[in-house]
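Student: One structure follows; several queries about it will come next.
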Amino acid sequence: MAKVVVPNVALTILDRAIQMHGAAGVGQDTPLADFWAGLRTLRIADGPDEVHTRQIAQLEIRQQNARLQARKQLQPPARL
């Protein structure tokens, strides 16, 4: 989950910092533009968020199915 949330939050924070500095935020006077370019490049290299989200969803589904199977084994058989 952190692979999806952390880069998005970092980009949001960095974007707000750039906005606060105005034109200087994208210039060479502050390192913000370099930080943004580096962070954006890492997000692209790491893969799309959809891939990570899908992997997380598949893991959650497997874990829930395992829990349901364990519960079914613990329950006594139904009487007729």
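Convention: chains lettered A, B, ... in structure tokens order; per-chain residue numbering from 1; ligands numbered from 1 as shown.
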What's around stretch 50-59 of chain A at 8 Å? Count only C-alpha atoms, leave out sequence neighbours fewer than 2 positions away in its own chain, and write the answer as a list in words.
Tutor: Met1, Lys3, Val4, Gly47, Pro48, Ile61, Arg62 and Gln63 of chain A
Student: Do you know which residues are at most 10 Å from stretch 32-44 of chain A counting only C-alpha atoms, after dropping those on the same chain fewer than 5 positions away, and could you put them as a list in words?
Tutor: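 So the residues in contact are Lys3, Val4, Pro7, Asn8, Ala10, Leu11, Thr12, Leu14, Asp15, Ala17, Ile18, His21, Ala24, Gly25, Val26, Gly27 and Asp49 of chain A.
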Student: Going by DSSP on the backbone, which residues of chain A come out as alpha helix (DSSP H)? List them as an MDAnalysis selection string.
Tutor: chainID A and resid 2:21 32:46 49:74
